[in-house]
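Text of the file run_16.txt, holding compact mmCIF, C-alpha atoms:
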```
# COMPACT_ATOMS: atom_id res chain seq x y z
CA MET A 1 0.00 0.00 0.00
CA PRO A 2 0.83 3.16 -0.11
CA TYR A 3 2.24 6.52 0.16
CA LEU A 4 0.55 8.44 2.99
CA LYS A 5 0.19 12.21 2.86
CA THR A 6 1.28 13.92 6.08
CA LYS A 7 -1.53 16.46 5.95
CA SER A 8 -4.14 13.74 5.48
CA LYS A 9 -2.76 11.80 8.45
CA ARG A 10 -2.91 14.87 10.69
CA GLU A 11 -6.51 15.53 9.68
CA LYS A 12 -7.50 11.99 10.67
CA LEU A 13 -5.81 12.37 14.06
CA LYS A 14 -7.81 15.54 14.63
CA LYS A 15 -11.09 13.84 13.71
CA THR A 16 -10.48 11.05 16.24
CA GLY A 17 -9.91 13.51 19.09
CA VAL A 18 -6.19 12.91 19.62
CA PRO A 19 -4.78 15.75 21.83
CA THR A 20 -2.87 18.45 19.99
CA GLN A 21 0.32 17.73 21.93
CA VAL A 22 0.25 14.07 20.85
CA GLN A 23 -0.41 15.11 17.26
CA ARG A 24 2.67 17.32 17.34
CA ILE A 25 4.79 14.46 18.69
CA PHE A 26 3.72 12.17 15.86
CA HIS A 27 4.23 14.95 13.36
CA PHE A 28 7.79 15.53 14.63
CA TRP A 29 8.60 11.82 14.57
CA TYR A 30 7.41 11.28 11.03
CA GLN A 31 8.91 14.50 9.69
CA ASN A 32 12.36 13.61 11.04
CA GLN A 33 12.78 9.93 10.20
CA ASN A 34 16.38 9.25 9.21
CA ASN A 35 17.48 5.73 8.32
CA PHE A 36 20.50 3.81 7.18
CA VAL A 37 21.25 0.24 6.14
CA ARG A 38 23.89 -1.86 7.88
CA TRP A 39 25.67 -4.66 6.03
CA ALA A 40 28.10 -6.46 8.36
CA ASN A 41 30.11 -3.54 9.80
CA THR A 42 29.41 -1.15 6.94
CA PHE A 43 26.75 1.57 7.08
CA SER A 44 25.02 3.23 4.16
CA ASP A 45 24.40 6.94 3.81
CA THR A 46 21.50 8.30 5.84
CA TYR A 47 18.24 8.75 3.95
CA ARG A 48 14.77 10.09 4.72
CA LEU A 49 11.71 7.83 5.07
CA GLU A 50 8.67 9.76 3.95
CA CYS A 51 5.93 7.17 3.63
CA GLY A 52 4.19 4.52 5.72
CA VAL A 53 4.35 3.95 9.46
CA ARG A 54 7.31 2.79 11.50
CA GLN A 55 7.88 -0.92 11.13
CA GLY A 56 7.71 -2.57 14.55
CA GLY A 57 6.54 0.61 16.27
CA LEU A 58 4.05 0.12 19.11
CA SER A 59 1.86 2.95 17.80
CA SER A 60 2.04 1.87 14.14
CA PRO A 61 -0.93 -0.58 14.12
CA LYS A 62 -3.27 1.97 15.68
CA LEU A 63 -2.11 4.73 13.36
CA PHE A 64 -2.58 2.52 10.32
CA ASN A 65 -6.03 1.43 11.52
CA LEU A 66 -7.04 5.07 11.95
CA TYR A 67 -5.97 5.75 8.41
CA VAL A 68 -7.73 2.87 6.63
CA ASN A 69 -10.77 2.41 8.88
CA GLU A 70 -12.80 4.87 6.82
CA LEU A 71 -12.21 2.74 3.71
CA ILE A 72 -13.33 -0.45 5.49
CA VAL A 73 -16.45 1.30 6.80
CA GLY A 74 -17.18 2.65 3.32
CA LEU A 75 -16.93 -0.81 1.76
CA SER A 76 -19.03 -2.47 4.45
CA SER A 77 -21.75 0.19 4.30
CA THR A 78 -22.45 -0.52 0.64
CA ARG A 79 -23.98 -3.86 1.64
CA VAL A 80 -22.79 -5.20 -1.68
CA GLY A 81 -21.14 -8.58 -1.27
CA CYS A 82 -21.77 -12.12 -0.08
CA TRP A 83 -24.34 -12.65 2.66
CA ILE A 84 -24.27 -15.24 5.44
CA ASP A 85 -27.17 -15.24 7.92
CA ASN A 86 -28.01 -11.59 7.12
CA ILE A 87 -24.39 -10.50 7.58
CA CYS A 88 -22.77 -8.86 4.55
CA MET A 89 -19.18 -9.96 4.06
CA ASN A 90 -17.41 -8.07 1.30
CA ASN A 91 -13.97 -7.19 2.67
CA PHE A 92 -11.42 -8.86 4.91
CA SER A 93 -8.36 -6.88 5.97
CA TYR A 94 -5.21 -7.55 7.92
CA ALA A 95 -2.87 -4.55 7.92
CA ASP A 96 -2.47 -3.60 4.24
CA ASP A 97 -3.59 -7.00 2.90
CA MET A 98 -7.21 -6.71 1.75
CA VAL A 99 -9.51 -9.28 0.14
CA LEU A 100 -12.77 -8.22 -1.52
CA LEU A 101 -15.55 -10.80 -1.83
CA THR A 102 -18.54 -10.35 -4.16
CA PRO A 103 -21.06 -12.58 -5.98
CA THR A 104 -20.73 -10.82 -9.35
CA VAL A 105 -18.22 -8.94 -11.47
CA SER A 106 -20.32 -5.76 -11.39
CA ALA A 107 -20.33 -5.85 -7.58
CA MET A 108 -16.55 -6.26 -7.57
CA ARG A 109 -16.19 -3.25 -9.86
CA GLN A 110 -18.34 -1.22 -7.50
CA LEU A 111 -16.11 -2.04 -4.52
CA LEU A 112 -12.95 -1.38 -6.52
CA ALA A 113 -14.36 2.03 -7.50
CA ILE A 114 -14.69 2.87 -3.80
CA CYS A 115 -11.07 1.81 -3.23
CA GLU A 116 -9.87 3.91 -6.16
CA ALA A 117 -11.77 6.98 -4.95
CA TYR A 118 -10.37 6.55 -1.45
CA SER A 119 -6.82 6.20 -2.76
CA ILE A 120 -7.12 9.42 -4.78
CA GLN A 121 -8.59 11.31 -1.83
CA HIS A 122 -5.88 10.16 0.59
CA GLY A 123 -2.82 10.13 -1.62
CA LEU A 124 -2.53 6.36 -1.82
CA MET A 125 -1.39 4.29 -4.76
CA TYR A 126 -2.49 0.69 -5.29
CA ASN A 127 -0.05 -1.64 -7.00
CA ALA A 128 -2.12 -3.33 -9.70
CA LYS A 129 0.75 -5.75 -10.45
CA LYS A 130 0.45 -7.17 -6.94
CA SER A 131 -3.34 -7.33 -7.12
CA GLU A 132 -5.20 -10.26 -8.65
CA TYR A 133 -8.62 -11.87 -8.70
CA MET A 134 -9.98 -15.39 -8.49
CA VAL A 135 -13.37 -16.85 -9.39
CA PHE A 136 -14.60 -19.63 -7.14
CA LYS A 137 -15.91 -22.60 -9.08
CA ALA A 138 -19.61 -23.33 -8.73
CA PRO A 139 -20.93 -26.85 -9.46
CA GLY A 140 -22.50 -27.06 -12.90
CA LYS A 141 -21.47 -23.56 -13.96
CA CYS A 142 -18.78 -22.52 -16.43
CA THR A 143 -16.63 -19.53 -15.45
CA LEU A 144 -14.19 -19.45 -18.37
CA ASN A 145 -15.37 -16.17 -19.85
CA VAL A 146 -15.18 -13.51 -17.16
CA PRO A 147 -15.35 -9.79 -18.06
CA ALA A 148 -12.17 -7.80 -17.40
CA ILE A 149 -11.68 -6.48 -13.90
CA LYS A 150 -9.49 -3.39 -13.67
CA LEU A 151 -7.81 -1.42 -10.91
CA ASN A 152 -6.74 2.13 -11.77
CA GLY A 153 -7.29 1.29 -15.44
CA ILE A 154 -5.00 -1.74 -15.36
CA GLU A 155 -6.53 -5.16 -16.00
CA LEU A 156 -5.99 -7.54 -13.11
CA LYS A 157 -4.60 -11.03 -13.59
CA ARG A 158 -6.89 -13.99 -12.97
CA VAL A 159 -5.40 -16.79 -10.86
CA ASP A 160 -6.58 -20.22 -9.72
CA LYS A 161 -5.08 -19.80 -6.23
CA PHE A 162 -3.69 -17.06 -4.04
CA LYS A 163 -1.82 -16.87 -0.76
CA TYR A 164 -3.42 -14.81 2.00
CA LEU A 165 -1.62 -14.47 5.33
CA GLY A 166 0.41 -17.57 4.53
CA HIS A 167 -2.59 -19.76 3.66
CA TYR A 168 -3.39 -20.88 0.11
CA VAL A 169 -6.98 -20.38 -1.07
CA THR A 170 -7.90 -22.16 -4.31
CA GLU A 171 -10.76 -21.72 -6.76
CA ASP A 172 -12.14 -25.18 -5.96
CA LEU A 173 -11.88 -24.54 -2.18
CA GLU A 174 -9.76 -27.67 -1.77
CA ASP A 175 -6.95 -27.73 0.82
CA LYS A 176 -4.51 -29.93 -1.09
CA VAL A 177 -2.30 -27.02 -2.19
CA ASP A 178 -2.01 -25.58 1.31
CA MET A 179 -1.32 -28.99 2.86
CA GLU A 180 1.43 -29.60 0.30
CA ARG A 181 2.90 -26.20 1.23
CA GLU A 182 3.05 -27.28 4.84
CA ARG A 183 4.49 -30.71 3.97
CA ARG A 184 7.31 -29.12 1.99
CA ALA A 185 8.03 -26.60 4.76
CA LEU A 186 8.07 -29.43 7.31
CA ALA A 187 10.56 -31.38 5.18
CA VAL A 188 12.88 -28.37 4.99
CA ARG A 189 12.75 -27.75 8.74
CA SER A 190 13.26 -31.44 9.57
CA ASN A 191 16.30 -31.73 7.31
CA MET A 192 17.77 -28.54 8.73
CA LEU A 193 17.45 -29.79 12.32
CA ALA A 194 18.87 -33.22 11.51
CA ARG A 195 21.86 -31.67 9.73
CA ARG A 196 22.74 -28.90 12.20
CA PHE A 197 22.04 -30.59 15.51
CA VAL A 198 23.22 -34.13 14.87
CA ARG A 199 25.63 -33.99 17.87
CA CYS A 200 23.09 -32.65 20.38
CA SER A 201 21.49 -34.70 23.14
CA GLU A 202 18.11 -36.37 22.67
CA GLN A 203 16.45 -33.87 25.02
CA VAL A 204 17.69 -30.94 22.95
CA LYS A 205 16.54 -32.59 19.72
CA VAL A 206 13.06 -33.24 21.11
CA THR A 207 12.79 -29.62 22.25
CA LEU A 208 13.85 -28.38 18.81
CA PHE A 209 11.40 -30.74 17.10
CA LYS A 210 8.52 -29.42 19.20
CA ALA A 211 9.48 -25.83 18.43
CA TYR A 212 10.06 -26.18 14.68
CA CYS A 213 8.04 -29.16 13.46
CA GLN A 214 4.72 -28.97 15.31
CA THR A 215 3.49 -25.65 13.97
CA PHE A 216 1.29 -26.94 11.12
CA TYR A 217 0.39 -23.38 10.22
CA THR A 218 -3.36 -22.93 9.44
CA CYS A 219 -4.01 -26.68 9.78
CA SER A 220 -7.16 -25.87 11.74
CA LEU A 221 -8.63 -24.43 8.51
CA TRP A 222 -8.20 -27.63 6.52
CA PHE A 223 -11.52 -29.22 5.71
CA ARG A 224 -11.67 -30.43 2.10
CA TYR A 225 -8.86 -32.90 1.49
CA THR A 226 -8.25 -36.54 0.65
CA GLN A 227 -6.92 -39.11 3.07
CA ARG A 228 -3.93 -39.52 0.76
CA THR A 229 -2.97 -35.86 1.17
CA LEU A 230 -3.32 -36.05 4.95
CA ASN A 231 -1.28 -39.24 5.12
CA ALA A 232 1.55 -37.67 3.10
CA LEU A 233 1.87 -34.93 5.72
CA ARG A 234 1.64 -37.43 8.58
CA VAL A 235 4.38 -39.62 7.08
CA GLN A 236 6.60 -36.55 6.64
CA TYR A 237 6.07 -35.63 10.29
CA ASN A 238 6.89 -39.15 11.50
CA ASN A 239 9.95 -39.52 9.27
CA GLY A 240 11.25 -36.12 10.37
CA PHE A 241 11.23 -37.25 13.99
CA ARG A 242 12.89 -40.58 13.15
CA MET A 243 15.61 -38.83 11.15
CA LEU A 244 16.32 -36.28 13.88
CA LEU A 245 16.65 -38.91 16.60
CA GLY A 246 18.39 -41.47 14.40
CA LEU A 247 15.64 -44.08 14.81
CA PRO A 248 15.00 -47.01 12.43
CA ARG A 249 12.88 -46.06 9.43
CA PHE A 250 10.11 -48.56 10.14
CA CYS A 251 9.91 -48.28 13.94
CA SER A 252 6.47 -47.75 15.50
CA ALA A 253 5.39 -44.12 15.25
CA SER A 254 3.05 -44.28 18.26
CA GLY A 255 5.75 -46.01 20.31
CA MET A 256 8.51 -43.51 19.56
CA PHE A 257 6.26 -40.51 20.29
CA ALA A 258 5.01 -42.04 23.53
CA GLU A 259 8.55 -42.84 24.70
CA ALA A 260 9.75 -39.30 23.92
CA ARG A 261 6.55 -37.72 25.32
CA VAL A 262 5.87 -35.92 22.07
CA ASP A 263 2.43 -35.41 20.53
CA GLY A 264 1.69 -37.52 17.49
CA PHE A 265 0.38 -36.05 14.24
CA HIS A 266 -3.33 -36.54 14.92
CA ALA A 267 -3.01 -35.21 18.48
CA ILE A 268 -1.63 -31.94 17.15
CA ILE A 269 -4.46 -31.62 14.61
CA ARG A 270 -7.05 -32.18 17.37
CA LYS A 271 -5.46 -29.57 19.62
CA ARG A 272 -5.29 -26.97 16.84
CA LEU A 273 -8.94 -27.54 15.92
CA ALA A 274 -10.05 -27.37 19.56
CA SER A 275 -8.15 -24.11 19.99
CA LEU A 276 -9.75 -22.60 16.87
CA LEU A 277 -13.25 -23.71 17.88
CA SER A 278 -12.79 -22.20 21.36
CA ARG A 279 -11.54 -18.87 19.98
CA VAL A 280 -14.33 -18.65 17.40
CA ARG A 281 -17.00 -19.27 20.03
CA SER A 282 -15.56 -16.68 22.43
CA SER A 283 -14.96 -14.01 19.76
CA THR A 284 -16.98 -10.78 19.67
CA ASN A 285 -16.46 -10.41 15.92
CA SER A 286 -19.82 -10.46 14.12
CA ILE A 287 -18.56 -12.69 11.30
CA LEU A 288 -17.05 -15.26 13.67
CA GLN A 289 -20.21 -15.21 15.80
CA VAL A 290 -22.21 -16.25 12.73
CA ILE A 291 -19.85 -19.19 12.21
CA ALA A 292 -19.92 -20.15 15.89
CA GLU A 293 -23.72 -20.27 16.00
CA LYS A 294 -24.06 -22.54 12.95
CA GLN A 295 -24.40 -26.17 13.97
CA ASP A 296 -23.34 -27.29 10.50
CA SER A 297 -20.25 -25.05 10.23
CA ASN A 298 -17.13 -26.54 8.65
CA VAL A 299 -15.11 -25.71 11.77
CA LEU A 300 -17.35 -27.91 13.92
CA LYS A 301 -17.47 -30.66 11.28
CA ALA A 302 -13.67 -30.69 11.02
CA PHE A 303 -13.37 -30.89 14.82
CA ILE A 304 -15.78 -33.83 15.02
CA ARG A 305 -14.03 -35.64 12.17
CA ALA A 306 -10.64 -35.17 13.86
CA GLN A 307 -11.86 -37.02 16.94
CA ILE A 308 -12.22 -40.26 14.99
CA LEU A 309 -8.90 -40.11 13.08
```
Encoding of this model in structure tokens:
Amino acid sequence: MPYLKTKSKREKLKKTGVPTQVQRIFHFWYQNQNNFVRWANTFSDTYRLECGVRQGGLSSPKLFNLYVNELIVGLSSTRVGCWIDNICMNNFSYADDMVLLTPTVSAMRQLLAICEAYSIQHGLMYNAKKSEYMVFKAPGKCTLNVPAIKLNGIELKRVDKFKYLGHYVTEDLEDKVDMERERRALAVRSNMLARRFVRCSEQVKVTLFKAYCQTFYTCSLWFRYTQRTLNALRVQYNNGFRMLLGLPRFCSASGMFAEARVDGFHAIIRKRLASLLSRVRSSTNSILQVIAEKQDSNVLKAFIRAQIL
């Protein structure tokens, strides 16, 4: 995202009732940002940073939210999008990563027009090369011929999958691609541990395995997959542990995990799903509340299915 105009930022701080003294502090900080790059023991020339918020700054998330909240409110107020239990869901945002969701091309164009108008008004510039669109497949319907969708006059590229916050979403809503991503990442981490820590004690290796190989990022979102895909990930997990501890290739997986007091593959999946279900049910977010109240939600179905694995 974006170049942020200083004047526009100050106006938003005023509208939210931030004290004048605090406004002046932020203004001084962002008007006097000097940076340099260090490579080994060599430093680059100092340069000015005139856009964005400070990376890693404690105030940065709140400042960014103040700046883009008006856009999110504007999109949501159109009530143009996909509806679930009388809740309109047309935009999902995390920092500067935004996903728009609509049932038709014309509705998507309407939301993009709002984004374009907001960017012009606030001195932002969308990168059309980093923006793309995907059409979810509907049973019995052909979606080959889709009218052009443009952002700032530039036609967006159509894709069959995209990565959002580290999780792959595909046009067929299958989880195979994301599970393969995690299997490959697990293989890399397992090989790295086995190579670098071959001389360490068993206790150290077990601790490292728990820290690096039990993440299974976004596994609690997996719902549509084949048993073959799940088994491939499970085998990778088991083999990674055997390789790290130097165990025989065909030794009992349940036995080696029990002896080392390490959670097996299915135990981790159950814990991740239970954690997600608990957080969804306790959330105050209106979208998550809709999901939590549905007795046939995919989150609940996945949790129930995991109990019989």
Figure out the distance between atom CA of A:Asn298 and atom CA of A:Arg181, please, to one decimal in Å.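 Between atom CA of A:Arg181 and atom CA of A:Asn298 the gap works out to 21.4 Å.
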Distance table requested - stretch 72-99 of chain A against stretch 151-164 of chain A, cut-off 9 Å, all atoms listed in the file: one row per qualifying residue with the closest atom pair and its distance in Å to one decimal, ordered by chain and rising residue number, as CSV.
```
residue,atom,partner,partner_atom,distance
A:Asp97,CA,A:Tyr164,CA,7.9
A:Met98,CA,A:Tyr164,CA,8.9
A:Val99,CA,A:Tyr164,CA,8.4
```
Would you write out, as JSON lines, a table of all residues in stretch 137-236 of chain A that have an atom no more than 12 Å from an atom of stretch 256-277 of chain A, listing for each the closest atom pair and the distance in Å to one decimal, considering only C-alpha atoms and ordering rows by chain and rising residue number?
```
{"residue": "A:Glu202", "atom": "CA", "partner": "A:Ala260", "partner_atom": "CA", "distance": 8.9}
{"residue": "A:Gln203", "atom": "CA", "partner": "A:Ala260", "partner_atom": "CA", "distance": 8.7}
{"residue": "A:Val204", "atom": "CA", "partner": "A:Ala260", "partner_atom": "CA", "distance": 11.6}
{"residue": "A:Lys205", "atom": "CA", "partner": "A:Ala260", "partner_atom": "CA", "distance": 10.4}
{"residue": "A:Val206", "atom": "CA", "partner": "A:Ala260", "partner_atom": "CA", "distance": 7.5}
{"residue": "A:Thr207", "atom": "CA", "partner": "A:Val262", "partner_atom": "CA", "distance": 9.4}
{"residue": "A:Leu208", "atom": "CA", "partner": "A:Val262", "partner_atom": "CA", "distance": 11.5}
{"residue": "A:Phe209", "atom": "CA", "partner": "A:Val262", "partner_atom": "CA", "distance": 9.1}
{"residue": "A:Lys210", "atom": "CA", "partner": "A:Val262", "partner_atom": "CA", "distance": 7.6}
{"residue": "A:Ala211", "atom": "CA", "partner": "A:Val262", "partner_atom": "CA", "distance": 11.3}
{"residue": "A:Cys213", "atom": "CA", "partner": "A:Phe265", "partner_atom": "CA", "distance": 10.3}
{"residue": "A:Gln214", "atom": "CA", "partner": "A:Ile268", "partner_atom": "CA", "distance": 7.2}
{"residue": "A:Thr215", "atom": "CA", "partner": "A:Ile268", "partner_atom": "CA", "distance": 8.7}
{"residue": "A:Phe216", "atom": "CA", "partner": "A:Ile269", "partner_atom": "CA", "distance": 8.2}
{"residue": "A:Tyr217", "atom": "CA", "partner": "A:Arg272", "partner_atom": "CA", "distance": 9.4}
{"residue": "A:Thr218", "atom": "CA", "partner": "A:Arg272", "partner_atom": "CA", "distance": 8.6}
{"residue": "A:Cys219", "atom": "CA", "partner": "A:Ile269", "partner_atom": "CA", "distance": 6.9}
{"residue": "A:Ser220", "atom": "CA", "partner": "A:Leu273", "partner_atom": "CA", "distance": 4.8}
{"residue": "A:Leu221", "atom": "CA", "partner": "A:Leu273", "partner_atom": "CA", "distance": 8.0}
{"residue": "A:Trp222", "atom": "CA", "partner": "A:Leu273", "partner_atom": "CA", "distance": 9.4}
{"residue": "A:Phe223", "atom": "CA", "partner": "A:Leu273", "partner_atom": "CA", "distance": 10.7}
{"residue": "A:Leu230", "atom": "CA", "partner": "A:His266", "partner_atom": "CA", "distance": 10.0}
{"residue": "A:Asn231", "atom": "CA", "partner": "A:Phe265", "partner_atom": "CA", "distance": 9.8}
{"residue": "A:Ala232", "atom": "CA", "partner": "A:Phe265", "partner_atom": "CA", "distance": 11.3}
{"residue": "A:Leu233", "atom": "CA", "partner": "A:Phe265", "partner_atom": "CA", "distance": 8.7}
{"residue": "A:Arg234", "atom": "CA", "partner": "A:Phe265", "partner_atom": "CA", "distance": 6.0}
{"residue": "A:Val235", "atom": "CA", "partner": "A:Phe265", "partner_atom": "CA", "distance": 8.9}
{"residue": "A:Gln236", "atom": "CA", "partner": "A:Phe265", "partner_atom": "CA", "distance": 9.8}
```
Excluding A:Ser60 and residues on its chain fewer than 6 positions from it, collect all residues at most 12 Å away from it, counting all atoms listed in the file, and give them as a list in words.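 Returned residues: Phe26, Trp29, Tyr30, Gly52, Val53, Arg54, Leu66, Tyr67 and Ala95 of chain A.
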Return as a tab-separated table the residues of stretch 108-166 of chain A lying at most 9 Å from stretch 75-86 of chain A, together with the closest atom-to-atom pair for each and the distance in Å to one decimal, counting all atoms listed in the file, with rows in chain order and ascending residue number.
```
residue	atom	partner	partner_atom	distance
A:Met108	CA	A:Gly81	CA	8.1
A:Gln110	CA	A:Val80	CA	8.3
A:Leu111	CA	A:Leu75	CA	6.5
A:Ile114	CA	A:Leu75	CA	7.0
A:Cys115	CA	A:Leu75	CA	8.1
```
Env of A:Val280: 10 Å cut, atoms = all atoms listed in the file, seq-sep filter 5 positions within chain, self excluded. Answer as number ranges by chain. A: 274-275, 285, 287-293, 299
Rounded to one decimal, what separation in Å do you get between atom CA of A:Phe241 and atom CA of A:Val198?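 Separation of atom CA of A:Phe241 and atom CA of A:Val198: 12.4 Å.
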Atom CA of A:Ser252 and atom CA of A:Met179 are how many Å apart?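 Value for the atom CA of A:Ser252-atom CA of A:Met179 distance: 23.9 Å.
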Do a neighbour search on A:Leu100 at 7 Å with only C-alpha atoms, toss out local chain neighbours closer than 5 positions, and write the hits as an NGL selection string. :A and (90-92)
Around all the atoms of stretch 58-64 of chain A listed in the file, draw an axis-aligned box and extend it by 8 Å on each of the six sides; I want its centre and edge lengths in Å to one decimal, as JSON.
```
{"center_x": 0.4, "center_y": 2.1, "center_z": 14.7, "size_x": 23.3, "size_y": 21.3, "size_z": 24.8}
```
Please identify all polymer residues within 12 Å of A:Arg224, counting all atoms listed in the file, omitting same-chain residues fewer than 6 positions from it, and present them as a list in words.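 What passes the distance filter is Val169, Thr170, Asp172, Leu173, Glu174, Asp175, Lys176, Val177, Asp178, Met179, Leu230, Asn298, Val299, Lys301, Ala302 and Arg305 of chain A.
Comparing the minimum interatomic distances between A:Ala185 and each of A:Ile304, A:Ile87, A:Tyr47, A:Tyr212, counting only C-alpha atoms, we find that A:Tyr212 sits nearest.
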Quick one: everything within 9 Å of A:Val68, counting all atoms listed in the file, minus sequence neighbours fewer than 5 positions away in the same chain. Send it as a VMD selection string. chain A and resid 63 73 95 to 96
Residue nearest A:Arg109 among A:Met134, A:Asp45, A:Asn239, A:Ile149 (counting all atoms listed in the file):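 Closest residue, counting all atoms listed in the file: A:Ile149.
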Counting only C-alpha atoms, figure out which residue out of A:Met89, A:Gly246, A:Phe43, A:Gly74 gets nearest to A:Ser201.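 Of A:Met89, A:Gly246, A:Phe43, A:Gly74, the one nearest A:Ser201, counting only C-alpha atoms, is A:Gly246.
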Since the input is missing atoms for stretch 258-265 of chain A, could you rebuild it with all heavy atoms and give the result as an mmCIF file, in the coordinates of the input?
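As a result, selection02.cif now contains:
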```cif
data_model
loop_
_atom_site.group_PDB
_atom_site.id
_atom_site.type_symbol
_atom_site.label_atom_id
_atom_site.label_comp_id
_atom_site.auth_asym_id
_atom_site.auth_seq_id
_atom_site.Cartn_x
_atom_site.Cartn_y
_atom_site.Cartn_z
ATOM 1 N N ALA A 258 5.363 -41.803 22.132
ATOM 2 C CA ALA A 258 5.010 -42.040 23.530
ATOM 3 C C ALA A 258 6.261 -42.069 24.408
ATOM 4 O O ALA A 258 6.285 -41.497 25.502
ATOM 5 C CB ALA A 258 4.238 -43.352 23.663
ATOM 6 N N GLU A 259 7.309 -42.738 23.933
ATOM 7 C CA GLU A 259 8.550 -42.840 24.700
ATOM 8 C C GLU A 259 9.208 -41.477 24.883
ATOM 9 O O GLU A 259 9.768 -41.176 25.938
ATOM 10 C CB GLU A 259 9.512 -43.793 24.009
ATOM 11 C CG GLU A 259 10.793 -44.051 24.781
ATOM 12 C CD GLU A 259 11.671 -45.070 24.116
ATOM 13 O OE1 GLU A 259 11.194 -45.760 23.179
ATOM 14 O OE2 GLU A 259 12.848 -45.194 24.525
ATOM 15 N N ALA A 260 9.130 -40.622 23.853
ATOM 16 C CA ALA A 260 9.750 -39.300 23.920
ATOM 17 C C ALA A 260 8.806 -38.245 24.507
ATOM 18 O O ALA A 260 9.211 -37.096 24.683
ATOM 19 C CB ALA A 260 10.184 -38.860 22.530
ATOM 20 N N ARG A 261 7.571 -38.653 24.800
ATOM 21 C CA ARG A 261 6.550 -37.720 25.320
ATOM 22 C C ARG A 261 6.333 -36.549 24.373
ATOM 23 O O ARG A 261 6.332 -35.380 24.766
ATOM 24 C CB ARG A 261 6.948 -37.233 26.719
ATOM 25 C CG ARG A 261 7.008 -38.341 27.759
ATOM 26 C CD ARG A 261 7.277 -37.803 29.135
ATOM 27 N NE ARG A 261 7.291 -38.881 30.128
ATOM 28 C CZ ARG A 261 7.491 -38.705 31.439
ATOM 29 N NH1 ARG A 261 7.688 -37.476 31.904
ATOM 30 N NH2 ARG A 261 7.493 -39.739 32.260
ATOM 31 N N VAL A 262 6.130 -36.902 23.122
ATOM 32 C CA VAL A 262 5.870 -35.920 22.070
ATOM 33 C C VAL A 262 4.525 -36.233 21.443
ATOM 34 O O VAL A 262 4.189 -37.398 21.218
ATOM 35 C CB VAL A 262 6.979 -35.977 20.987
ATOM 36 C CG1 VAL A 262 6.642 -35.054 19.823
ATOM 37 C CG2 VAL A 262 8.328 -35.606 21.588
ATOM 38 N N ASP A 263 3.740 -35.214 21.157
ATOM 39 C CA ASP A 263 2.430 -35.410 20.530
ATOM 40 C C ASP A 263 2.578 -36.001 19.133
ATOM 41 O O ASP A 263 3.432 -35.562 18.349
ATOM 42 C CB ASP A 263 1.685 -34.079 20.425
ATOM 43 C CG ASP A 263 1.112 -33.638 21.753
ATOM 44 O OD1 ASP A 263 0.922 -34.494 22.630
ATOM 45 O OD2 ASP A 263 0.868 -32.426 21.925
ATOM 46 N N GLY A 264 1.741 -36.970 18.829
ATOM 47 C CA GLY A 264 1.690 -37.520 17.490
ATOM 48 C C GLY A 264 0.969 -36.571 16.550
ATOM 49 O O GLY A 264 0.397 -35.558 16.970
ATOM 50 N N PHE A 265 0.955 -36.918 15.268
ATOM 51 C CA PHE A 265 0.380 -36.050 14.240
ATOM 52 C C PHE A 265 -1.092 -35.737 14.511
ATOM 53 O O PHE A 265 -1.508 -34.574 14.514
ATOM 54 C CB PHE A 265 0.532 -36.727 12.877
ATOM 55 C CG PHE A 265 -0.102 -35.971 11.754
ATOM 56 C CD1 PHE A 265 0.512 -34.867 11.205
ATOM 57 C CD2 PHE A 265 -1.334 -36.365 11.228
ATOM 58 C CE1 PHE A 265 -0.070 -34.166 10.165
ATOM 59 C CE2 PHE A 265 -1.926 -35.678 10.195
ATOM 60 C CZ PHE A 265 -1.294 -34.569 9.656
#
```
